[in-house]
Every structure is written in C-alpha cells, then in structure tokens.
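Trainee: Got a structure for you, questions after.
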Amino acid sequence: MIDVHGLGLTNIALRDDGEGVLVASLNRPAKRNALDAQSVEELVRLFDAVPRAGIKAVVLRAEGTHFCAGLDLVEHHREDRGPAEFMLLCLRWHEAFNKMEYGGVPIIAALKGAVVGGGLELASAAHIRVADQGTYFALPEGQRGLFTGGGATIRVAALVGKARMIDMMLSGRVYQGAEAVSVGLCQYLVDGPSEDKALAIAHIAAQNPPLSNFAICSAISHVQNMSALDASYTEAVVAGIVNTQPASRERLAAFANKTAARVRPNET
Ligand code: 1HE
C-alpha cells in the first residue's frame, strides 16, 4: 500500500480525516493556487498513488479564498515556452486529470472564489463539484490570448455543452450561483463552506464498496469514449465483476431479509 504522505508534496497539503477520506488542499494561496509546472507534477504523483493507497474518497479543496486561478501565467510568461514545450506540459496536465477522472476513487471538489481557466479544467476532472455562494466559473483564455490545454474541450464541453463553452471563451461569460448549477458546472450550491458539504458527500460515497466506486469513477468515463456496441459490452463485463462481489451479496441478503434501508423520496 502506498503512503501518499510520503510523496513529498509541497504545493498540495494532505490530511487524513480518520475515516478513509483524504483531504487534499491546493496550497499556493498567495498565487491564487495557479497551477505551475510543479503543481501539475504533484497532481500526477498524488493521483497516481491514490488508487493504491487504500483511500476511499478524496476531497479536493484549496487554501485561501480562491479554488484555482488556472495556468500559472507568470511562469508561462517567464519561461517563454515554445510550441513543443507547451504541448508536452499540456500532456502532463492531461496525465494528472486523466488519473483523477479514471482512477476509480471518488473525488469531490470543494469550490470557492475563482474556478477559472485551468482551475475549471481541474475541477472538471473531479467526479462531483460543490460550489459555495462566492464561487464563480469562467474560461478567460480568449481574453488572455490563450486556449484551453488541460482538457476543457473534453470535460467542460461535456458538462455545459459545446455552445456554452464557446460562449464562455469568446465573451468571457462568468457563471455563478444557481445558474452555474443549472448549466451543469457544479451539482451542489451551498450556503456555508463547500468543503463541509464535500466532506459529507465523500463520507456517504466512502460507505459504498470500493469496487462499486471504482466502476462508478472509471467505467462511466471510459464508456463515454466508446461506440454503443463496445459500451454495452463493457458495461456488462464490469457489472459481471461488480455485481457478484462478496460485498454486493451481503447487501442483497440484507435487502432480501428486510434489514436494508429502502429508497424513499426526500422529505419536503
Ligand atoms: C497568478 C494567477 C495566475 C493570480 N498565474 N499568478 N487564469 C486567469 O486568467 C485568471 C488570472 N487571475 C485572476 O484573474 C485573479 O488573480 C483572480 C480572480 C484569480 C484573483 O484575484 P485577486 O484580486 O484575489 O488576486 P490578484 O491580485 O490578481 O493576484 C494575487 C497574486 O496571485 C498575484 O501575485 P503577486 O506575486 O503579484 O502577489 C498574481 O500574480 C497571482 N496570480 N492568478 C500566476 N493565473 C493548460 S492551459 C490553461 C489556460 C488557462 O488556465 S488560462 C486562464 C488563466
């Protein structure tokens, strides 16, 4: 079993909550948690290790008042990168974010303040996004003379649709509040701190058998990349493994003998 605390990360602070949930905090608040090359490498190392570290769920939060200001523009300016160099850097962003999306461990993003550019690309790689009342979303790449390079064309387009993403990039449109929920940028909008809700969701998800969560947090994404024919085959194979696991047998027995909770509507 890997110990994520031994990875030597400095731009990401790690804390175990004692119940199997890892709280990972972006830790460059003075730079609004902008993603420099080192931060991206730390994300790669962290999310490479998470599936093999016995972690049941991750809450991804940030120190400071903003979740993430996206690409470190000052570093990008200073480094004066060429096309091949920046392409290779983008591939590292993809490495990190693909490890998150396909890693099989639920990642709940607790958002606040700016979730912009590459910060939105990072949030999009989580499985659930929780916003607070001060959270706002934007893709300011167009205004900066840039383009997305961390997967927004895939994940943000999947969340909000192509037309809205193009509008965000052309016009600099900012989404926040209930509108951000309605267009799909986040699934929860809370009055208090988003991390409280994110932690609560993580604890609920952590009660599912790890193999079920693995399928939910990897197979669904893989299936999106497949033809309907391959997708249905893959779903059947995954269900064959997951739905016959010992943990599901115990839960089915509990349902059959009427000791398991029933699914009820929310109380109004
Ligand atoms: C940064 C960055 C950054 C702040 N790179 N250093 N992303 C953007 O276009 C967003 C750029 N940032 C902002 O619009 C604002 O900084 C915020 C709305 C996020 C926060 O505003 P504020 O008033 O709280 O902070 P600030 O005074 O603007 O910045 C505070 C410090 O953070 C300052 O550093 P300091 O050393 O002068 O104190 C800023 O330089 C630093 N900072 N944001 C570097 N992004 C794979 S391609 C992805 C392409 C993109 O992501 S493009 C979108 C980039």
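Here, A, B, ... name the chains of the structure tokens in the order displayed, residue numbers run from 1 inside each chain, and ligands are numbered from 1 in the same displayed order.
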Using DSSP on the backbone coordinates, identify the residues of range 131-249 of chain A assigned to alpha helix (DSSP H); present them as a PyMOL selection string.

Mentor: chain A and resi 141-144+152-160+162-171+177-183+194-206+210-214+220-224+228-242+246-249

Trainee: Show me which residues sit within 10 Å of ligand 1 when counting only C-alpha atoms and all ligand atoms, and put them as a ChimeraX atom specification.

Mentor: /A:28-36,40,64-77,86-87,89-94,113-122,136,138-152

Trainee: CA of Ile241 in chain A to CA of Glu101 in chain A: how many Å, to one decimal?

Mentor: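 Going from CA of Ile241 in chain A over to CA of Glu101 in chain A covers 20.5 Å.
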
Trainee: Name the residues of range 10-118 of chain A that come out as strand (DSSP E) in a backbone DSSP run; write them as a PyMOL selection string.

Mentor: chain A and resi 12-16+21-26+57-62+107-110+114-116

Trainee: Take the residues from that selection and write them out as a PDB file, in the first residue's frame, keeping C-alpha atoms.

Mentor:
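Result went into again-v3.pdb, see below:
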ATOM      1  CA  ILE A  12      -0.652  20.191  -2.229  1.00  0.00           C
ATOM      2  CA  ALA A  13      -1.244  19.704   1.508  1.00  0.00           C
ATOM      3  CA  LEU A  14      -2.661  16.348   2.614  1.00  0.00           C
ATOM      4  CA  ARG A  15      -4.753  15.429   5.612  1.00  0.00           C
ATOM      5  CA  ASP A  16      -6.470  12.146   6.508  1.00  0.00           C
ATOM      6  CA  VAL A  21     -11.200  10.251   3.246  1.00  0.00           C
ATOM      7  CA  LEU A  22      -8.128  12.163   2.071  1.00  0.00           C
ATOM      8  CA  VAL A  23      -8.455  15.939   2.143  1.00  0.00           C
ATOM      9  CA  ALA A  24      -6.087  17.363  -0.488  1.00  0.00           C
ATOM     10  CA  SER A  25      -5.620  21.142  -0.449  1.00  0.00           C
ATOM     11  CA  LEU A  26      -4.150  23.256  -3.223  1.00  0.00           C
ATOM     12  CA  ALA A  57     -12.634   9.145  -1.334  1.00  0.00           C
ATOM     13  CA  VAL A  58     -10.832  12.438  -1.838  1.00  0.00           C
ATOM     14  CA  VAL A  59     -11.996  15.956  -1.074  1.00  0.00           C
ATOM     15  CA  LEU A  60     -10.089  18.375  -3.289  1.00  0.00           C
ATOM     16  CA  ARG A  61     -10.154  21.850  -1.737  1.00  0.00           C
ATOM     17  CA  ALA A  62      -7.965  24.929  -1.694  1.00  0.00           C
ATOM     18  CA  ILE A 107     -13.028  12.889  -5.928  1.00  0.00           C
ATOM     19  CA  ILE A 108     -15.304  15.622  -4.604  1.00  0.00           C
ATOM     20  CA  ALA A 109     -14.197  19.178  -5.432  1.00  0.00           C
ATOM     21  CA  ALA A 110     -14.999  21.819  -2.798  1.00  0.00           C
ATOM     22  CA  ALA A 114     -12.392  31.779  -8.800  1.00  0.00           C
ATOM     23  CA  VAL A 115     -12.638  28.463 -10.625  1.00  0.00           C
ATOM     24  CA  VAL A 116     -11.238  29.750 -13.869  1.00  0.00           C
TER      25      VAL A 116
END

Trainee: What does the distance between CA of Glu95 in chain A and CA of Cys217 in chain A come to in Å, to one decimal place?

Mentor: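 CA of Glu95 in chain A sits 16.2 Å away from CA of Cys217 in chain A.
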
Trainee: Which residue gives the smallest distance to Arg249 in chain A among A:His5, A:Pro209, A:His127, A:Lys112, with only C-alpha atoms counted?

Mentor: A:Pro209

Trainee: Between CA of Ile201 in chain A and CA of Ile220 in chain A, what distance in Å does the model show, to one decimal?

Mentor: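 A separation of 19.0 Å between them.
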
Trainee: Write out as a ChimeraX atom specification which residues come within 7 Å of Met100 in chain A when counting only C-alpha atoms, dropping same-chain ones fewer than 6 positions away.

Mentor: /A:47,125-126

Trainee: Show which residues sit within 9 Å of Met165 in chain A, as a VMD selection string. Count only C-alpha atoms, and ignore same-chain residues fewer than 3 positions away.

Mentor: chain A and resid 139 152 to 153 156 to 157 160 to 162 168 to 170

Trainee: Go ahead and dump the residues you just picked, N, CA, C and O atoms, as a PDB file, in the first residue's frame.

Mentor:
ATOM      1  N   LEU A 139     -13.862  30.865 -18.313  1.00  0.00           N
ATOM      2  CA  LEU A 139     -12.757  30.413 -19.175  1.00  0.00           C
ATOM      3  C   LEU A 139     -12.182  31.661 -19.841  1.00  0.00           C
ATOM      4  O   LEU A 139     -12.586  32.011 -20.960  1.00  0.00           O
ATOM      5  N   ALA A 152     -10.364  21.081 -21.125  1.00  0.00           N
ATOM      6  CA  ALA A 152     -11.680  21.737 -21.115  1.00  0.00           C
ATOM      7  C   ALA A 152     -12.498  21.393 -22.353  1.00  0.00           C
ATOM      8  O   ALA A 152     -13.726  21.276 -22.276  1.00  0.00           O
ATOM      9  N   THR A 153     -11.814  21.216 -23.493  1.00  0.00           N
ATOM     10  CA  THR A 153     -12.575  20.906 -24.713  1.00  0.00           C
ATOM     11  C   THR A 153     -13.295  19.568 -24.563  1.00  0.00           C
ATOM     12  O   THR A 153     -14.272  19.310 -25.263  1.00  0.00           O
ATOM     13  N   VAL A 156     -15.190  20.267 -19.896  1.00  0.00           N
ATOM     14  CA  VAL A 156     -16.123  21.387 -19.710  1.00  0.00           C
ATOM     15  C   VAL A 156     -17.211  21.323 -20.787  1.00  0.00           C
ATOM     16  O   VAL A 156     -18.389  21.545 -20.498  1.00  0.00           O
ATOM     17  N   ALA A 157     -16.807  20.958 -21.997  1.00  0.00           N
ATOM     18  CA  ALA A 157     -17.822  20.799 -23.050  1.00  0.00           C
ATOM     19  C   ALA A 157     -18.822  19.711 -22.668  1.00  0.00           C
ATOM     20  O   ALA A 157     -20.026  19.840 -22.931  1.00  0.00           O
ATOM     21  N   VAL A 160     -21.197  21.404 -19.850  1.00  0.00           N
ATOM     22  CA  VAL A 160     -22.106  22.515 -20.179  1.00  0.00           C
ATOM     23  C   VAL A 160     -22.576  22.482 -21.624  1.00  0.00           C
ATOM     24  O   VAL A 160     -23.498  23.234 -21.984  1.00  0.00           O
ATOM     25  N   GLY A 161     -21.966  21.656 -22.461  1.00  0.00           N
ATOM     26  CA  GLY A 161     -22.300  21.636 -23.881  1.00  0.00           C
ATOM     27  C   GLY A 161     -21.378  22.570 -24.667  1.00  0.00           C
ATOM     28  O   GLY A 161     -20.842  23.545 -24.140  1.00  0.00           O
ATOM     29  N   LYS A 162     -21.234  22.247 -25.937  1.00  0.00           N
ATOM     30  CA  LYS A 162     -20.294  22.967 -26.808  1.00  0.00           C
ATOM     31  C   LYS A 162     -20.637  24.451 -26.933  1.00  0.00           C
ATOM     32  O   LYS A 162     -19.754  25.306 -26.835  1.00  0.00           O
ATOM     33  N   MET A 168     -18.519  31.016 -23.356  1.00  0.00           N
ATOM     34  CA  MET A 168     -17.642  31.371 -22.216  1.00  0.00           C
ATOM     35  C   MET A 168     -16.276  31.837 -22.720  1.00  0.00           C
ATOM     36  O   MET A 168     -15.697  32.797 -22.203  1.00  0.00           O
ATOM     37  N   MET A 169     -15.765  31.174 -23.729  1.00  0.00           N
ATOM     38  CA  MET A 169     -14.414  31.502 -24.199  1.00  0.00           C
ATOM     39  C   MET A 169     -14.390  32.732 -25.077  1.00  0.00           C
ATOM     40  O   MET A 169     -13.439  33.522 -25.042  1.00  0.00           O
ATOM     41  N   LEU A 170     -15.431  32.929 -25.869  1.00  0.00           N
ATOM     42  CA  LEU A 170     -15.445  34.107 -26.748  1.00  0.00           C
ATOM     43  C   LEU A 170     -15.773  35.381 -25.976  1.00  0.00           C
ATOM     44  O   LEU A 170     -15.161  36.430 -26.196  1.00  0.00           O
TER      45      LEU A 170
END

Trainee: With only C-alpha atoms as the atoms that count, which of A:Leu111, A:Ala37, A:Gln245, A:Leu189 lies nearest to Glu79 in chain A?

Mentor: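 Of A:Leu111, A:Ala37, A:Gln245, A:Leu189, the one nearest Glu79 in chain A, counting only C-alpha atoms, is A:Ala37.
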